[in-house]
Amino acid sequence: MISDNNIRWGILGTGGMAHNFAEALMEVEDAQLIAIASRSQSSAEQFGDQFSIPLRYAGYEKLITGNEVEVVYIATPHSQHKDLSIRCLQAGKAVLCEKPFTLNLQQAQEVISLANEKKLFLMEAMWTRCLPTITKLNELLSQQVIGDVQIMLAGGAYMPDFDEDYYLFNPDLGGGILLDAGVYLVSMASMIFGPPTKILAAGELGKTGVDEHDGVLLTHAKGEIANLYVSHRAKASPDLTLLGNKGKIYLHPPVFCPSKITVSEEGKADKVFDFAETGSGYRHEIIEVNRCLRQGKIESDLMPLNESLTIMRTMDEIRRQIGLRYPGETA
């Protein structure tokens with residue numbers, strides 16, 4: 001039962017996303033961050049000091065099994081998402097798990113089945129879905145301001161410093177550009193067009209065995225095409241363009257947290273919709289989770305669990321085509 005007062009949050013992990021999320025929690029009136037867990041006590045203490053968190057744990061078990069936390073945000077490496085989500089659900093905790101939801105479809109199905117069995121809230125932390133910009137985009141699409149959308153062009157590229165132990169390059173941690181950045185593009189295509197009916201993918205694996213360079217062509221039910229790319233071998237701001245039979249919509253970069261939309265309608269002057277953020281965009285995701293919890297919902301309409309399954313199914317097929325398999329996965 002969710003309390004009438006502030007909803008009590010705990011965070012697993014102390015990396016960059018955990019910091020961003022903790023900052024956003026400070027901006028949400030009915031949310032309280034009361035516990036942090038890390039692999040080491042020193043890391044938990046440092047994080048706790050920064051955000052004035054009362055409960056600080058080395059290891060995840062005490063946070064998961066204790067009675068203090070109502071909902072857990074999982075911000076650990078990708079390879080830990082399934083096991084930690086299951087442990088939290090088994091302990092009766094609501095879960096917001098960072099994207100990608102899991103490593104693969106089978107893992108996602110296991111987690112979702114348990115959440116449904118326990119009747120507990122579960123959501124993939126695709127924060128993009130909760131942003132006012134994306135709410136406006138969906139409104140524009142429903143109004144067919146550019147007619148029938150036929151093509152989505154989206155992608156981005158960045159070049160992190162190479163470190164074989166860094167999660168982006170480490171197969172043991174679920175590394176690679178697809179699960180880290182490509183998931184945003186696959187999710188957007190899913191939101192706009194629905195599940196793909198055909199998937200064509202090309203990619204290059206780096207020396208650590210994870211993908212560093214992918215191109216994906218998705219065909220959807222009404223013949224719509226999504227042309228996507230992600231790369232660690234080039235540089236380009238991540239953006240998205242939708243082409244319809246009456247114009248186009250441009251989602252300004254970064255595509256994972258856009259604040260501006262330009263609509264170009266046939267025969268009309270461009271319209272610009274600007275949603276400049278004054279704080280962290282993560283707060284919209286927290287507000288959505290809190291809203292669902294207070295209403296007794298076990299999933300969000302903005303990021304439904306069935307769609308998380310569709311996205312994982314699509315990424316599984318992309319990985320199959322480019323030859324990327326993570327340790328412990330079967331054929």
# chains A, B, ... in the order shown; residues from 1 in each chain; ligands from 1
$ select_by_dssp --residues "region 185-232 of chain A" --states "strand (DSSP E or B)" --output "number ranges by chain"
A: 196-205, 211-220, 225-231
$ closest_residue --among "A:Pro238, A:Gly267, A:Gly59, A:Pro253" --to "Ser42 (chain A)" --atoms "only C-alpha atoms"
A:Gly59
$ closest_residue --among "A:Asp274, A:Ala154, A:Gly92, A:Ile34" --to "Leu228 (chain A)" --atoms "only C-alpha atoms"
A:Ala154
$ atom_distance --atom1 "CA of Glu307 (chain A)" --atom2 "CA of Phe101 (chain A)"
10.9 Å
$ residues_around --residues "Lys136 (chain A)" --least-positions-apart "3" --cutoff "12 Å" --atoms "only C-alpha atoms" --output "MDAnalysis selection string"
chainID A and resid 129:133 139:143 145 249 251 258:263 272:275
$ closest_residue --among "A:Ile74, A:Leu153, A:Leu33, A:Val111" --to "Pro54 (chain A)" --atoms "only C-alpha atoms"
A:Leu33
$ closest_residue --among "A:Pro160, A:Gly13, A:Gly223, A:Gly281" --to "Phe193 (chain A)" --atoms "only C-alpha atoms"
A:Gly223
$ residues_around --residues "Val210 (chain A)" --least-positions-apart "2" --cutoff "7 Å" --atoms "only C-alpha atoms" --output "PyMOL selection string"
chain A and resi 169+171+175-176+205-206+208+212+324
$ write_last_selection --atoms "N, CA, C and O atoms" --output "mmCIF file, in the first residue's frame"
data_model
loop_
_atom_site.group_PDB
_atom_site.id
_atom_site.type_symbol
_atom_site.label_atom_id
_atom_site.label_comp_id
_atom_site.auth_asym_id
_atom_site.auth_seq_id
_atom_site.Cartn_x
_atom_site.Cartn_y
_atom_site.Cartn_z
ATOM 1 N N PHE A 169 31.657 -0.829 -23.537
ATOM 2 C CA PHE A 169 32.510 -1.733 -24.313
ATOM 3 C C PHE A 169 32.607 -3.129 -23.693
ATOM 4 O O PHE A 169 33.287 -3.995 -24.247
ATOM 5 N N PRO A 171 31.101 -6.651 -22.768
ATOM 6 C CA PRO A 171 29.975 -7.559 -23.031
ATOM 7 C C PRO A 171 29.383 -8.157 -21.760
ATOM 8 O O PRO A 171 28.187 -8.458 -21.716
ATOM 9 N N GLY A 175 27.168 -4.329 -22.811
ATOM 10 C CA GLY A 175 27.611 -3.149 -23.531
ATOM 11 C C GLY A 175 27.209 -3.136 -24.994
ATOM 12 O O GLY A 175 26.583 -4.061 -25.510
ATOM 13 N N GLY A 176 27.578 -2.062 -25.664
ATOM 14 C CA GLY A 176 27.249 -1.889 -27.071
ATOM 15 C C GLY A 176 26.371 -0.680 -27.300
ATOM 16 O O GLY A 176 25.660 -0.220 -26.410
ATOM 17 N N LEU A 205 31.012 -5.154 -34.982
ATOM 18 C CA LEU A 205 31.437 -5.411 -33.613
ATOM 19 C C LEU A 205 32.872 -4.939 -33.436
ATOM 20 O O LEU A 205 33.709 -5.111 -34.323
ATOM 21 N N GLY A 206 33.152 -4.357 -32.280
ATOM 22 C CA GLY A 206 34.501 -3.901 -31.980
ATOM 23 C C GLY A 206 35.356 -4.999 -31.389
ATOM 24 O O GLY A 206 34.950 -6.158 -31.298
ATOM 25 N N THR A 208 36.161 -5.698 -28.421
ATOM 26 C CA THR A 208 35.677 -6.355 -27.201
ATOM 27 C C THR A 208 34.463 -7.228 -27.466
ATOM 28 O O THR A 208 33.957 -7.890 -26.559
ATOM 29 N N GLU A 212 29.543 -1.438 -32.197
ATOM 30 C CA GLU A 212 29.968 -0.052 -32.126
ATOM 31 C C GLU A 212 29.364 0.792 -33.239
ATOM 32 O O GLU A 212 29.553 2.015 -33.260
ATOM 33 N N LEU A 324 25.624 -10.332 -32.524
ATOM 34 C CA LEU A 324 25.978 -9.952 -31.158
ATOM 35 C C LEU A 324 25.206 -10.803 -30.157
ATOM 36 O O LEU A 324 23.983 -10.776 -30.113
#
$ residues_around --residues "Glu285 (chain A)" --least-positions-apart "5" --cutoff "12 Å" --atoms "only C-alpha atoms" --output "PyMOL selection string"
chain A and resi 21+24-25+27-28+31+73+96-98+123-132+257+280+290-292+300+302-303
$ closest_residue --among "A:Ile298, A:Val72, A:Leu178, A:Ala108" --to "Ala201 (chain A)" --atoms "only C-alpha atoms"
A:Leu178
$ residues_around --residues "Glu265 (chain A)" --least-positions-apart "4" --cutoff "8 Å" --atoms "only C-alpha atoms" --output "ChimeraX atom specification"
/A:145-146,246-248,269-270
$ closest_residue --among "A:Tyr158, A:Tyr250, A:Tyr282, A:Phe121" --to "His19 (chain A)" --atoms "only C-alpha atoms"
A:Tyr282
$ atom_distance --atom1 "CA of Glu317 (chain A)" --atom2 "CA of Ala226 (chain A)"
15.3 Å
$ atom_distance --atom1 "CA of Val183 (chain A)" --atom2 "CA of Gln144 (chain A)"
25.6 Å
$ residues_around --residues "His220 (chain A)" --least-positions-apart "2" --cutoff "6 Å" --atoms "only C-alpha atoms" --output "PDB file with C-alpha atoms, in the first residue's frame"
ATOM      1  CA  PRO A 196       7.799  -3.737 -37.108  1.00  0.00           C
ATOM      2  CA  THR A 197       6.809  -6.414 -39.596  1.00  0.00           C
ATOM      3  CA  LYS A 222       1.049   0.095 -43.118  1.00  0.00           C
ATOM      4  CA  GLY A 223       4.292   0.184 -45.094  1.00  0.00           C
ATOM      5  CA  GLU A 224       5.936   2.887 -42.979  1.00  0.00           C
TER       6      GLU A 224
END
$ select_by_dssp --residues "region 170-277 of chain A" --states "helix (DSSP H, G or I)" --output "PDB file with C-alpha atoms, in the first residue's frame"
ATOM      1  CA  PRO A 171      29.975  -7.559 -23.031  1.00  0.00           C
ATOM      2  CA  ASP A 172      29.672  -8.862 -19.461  1.00  0.00           C
ATOM      3  CA  LEU A 173      27.779  -5.659 -18.597  1.00  0.00           C
ATOM      4  CA  ILE A 177      25.660   1.052 -28.864  1.00  0.00           C
ATOM      5  CA  LEU A 178      22.304  -0.620 -29.613  1.00  0.00           C
ATOM      6  CA  LEU A 179      21.193  -1.302 -26.044  1.00  0.00           C
ATOM      7  CA  ASP A 180      22.587   1.991 -24.767  1.00  0.00           C
ATOM      8  CA  ALA A 181      21.517   4.459 -27.474  1.00  0.00           C
ATOM      9  CA  GLY A 182      19.751   2.550 -30.233  1.00  0.00           C
ATOM     10  CA  VAL A 183      16.985   1.575 -27.820  1.00  0.00           C
ATOM     11  CA  TYR A 184      15.733   5.188 -27.862  1.00  0.00           C
ATOM     12  CA  LEU A 185      15.278   5.063 -31.636  1.00  0.00           C
ATOM     13  CA  VAL A 186      13.643   1.639 -31.646  1.00  0.00           C
ATOM     14  CA  SER A 187      11.313   2.845 -28.888  1.00  0.00           C
ATOM     15  CA  MET A 188      10.345   5.949 -30.876  1.00  0.00           C
ATOM     16  CA  ALA A 189       9.624   3.872 -33.974  1.00  0.00           C
ATOM     17  CA  SER A 190       7.502   1.548 -31.852  1.00  0.00           C
ATOM     18  CA  MET A 191       5.583   4.463 -30.324  1.00  0.00           C
ATOM     19  CA  ILE A 192       4.860   6.073 -33.696  1.00  0.00           C
ATOM     20  CA  PHE A 193       4.358   3.083 -36.009  1.00  0.00           C
TER      21      PHE A 193
END
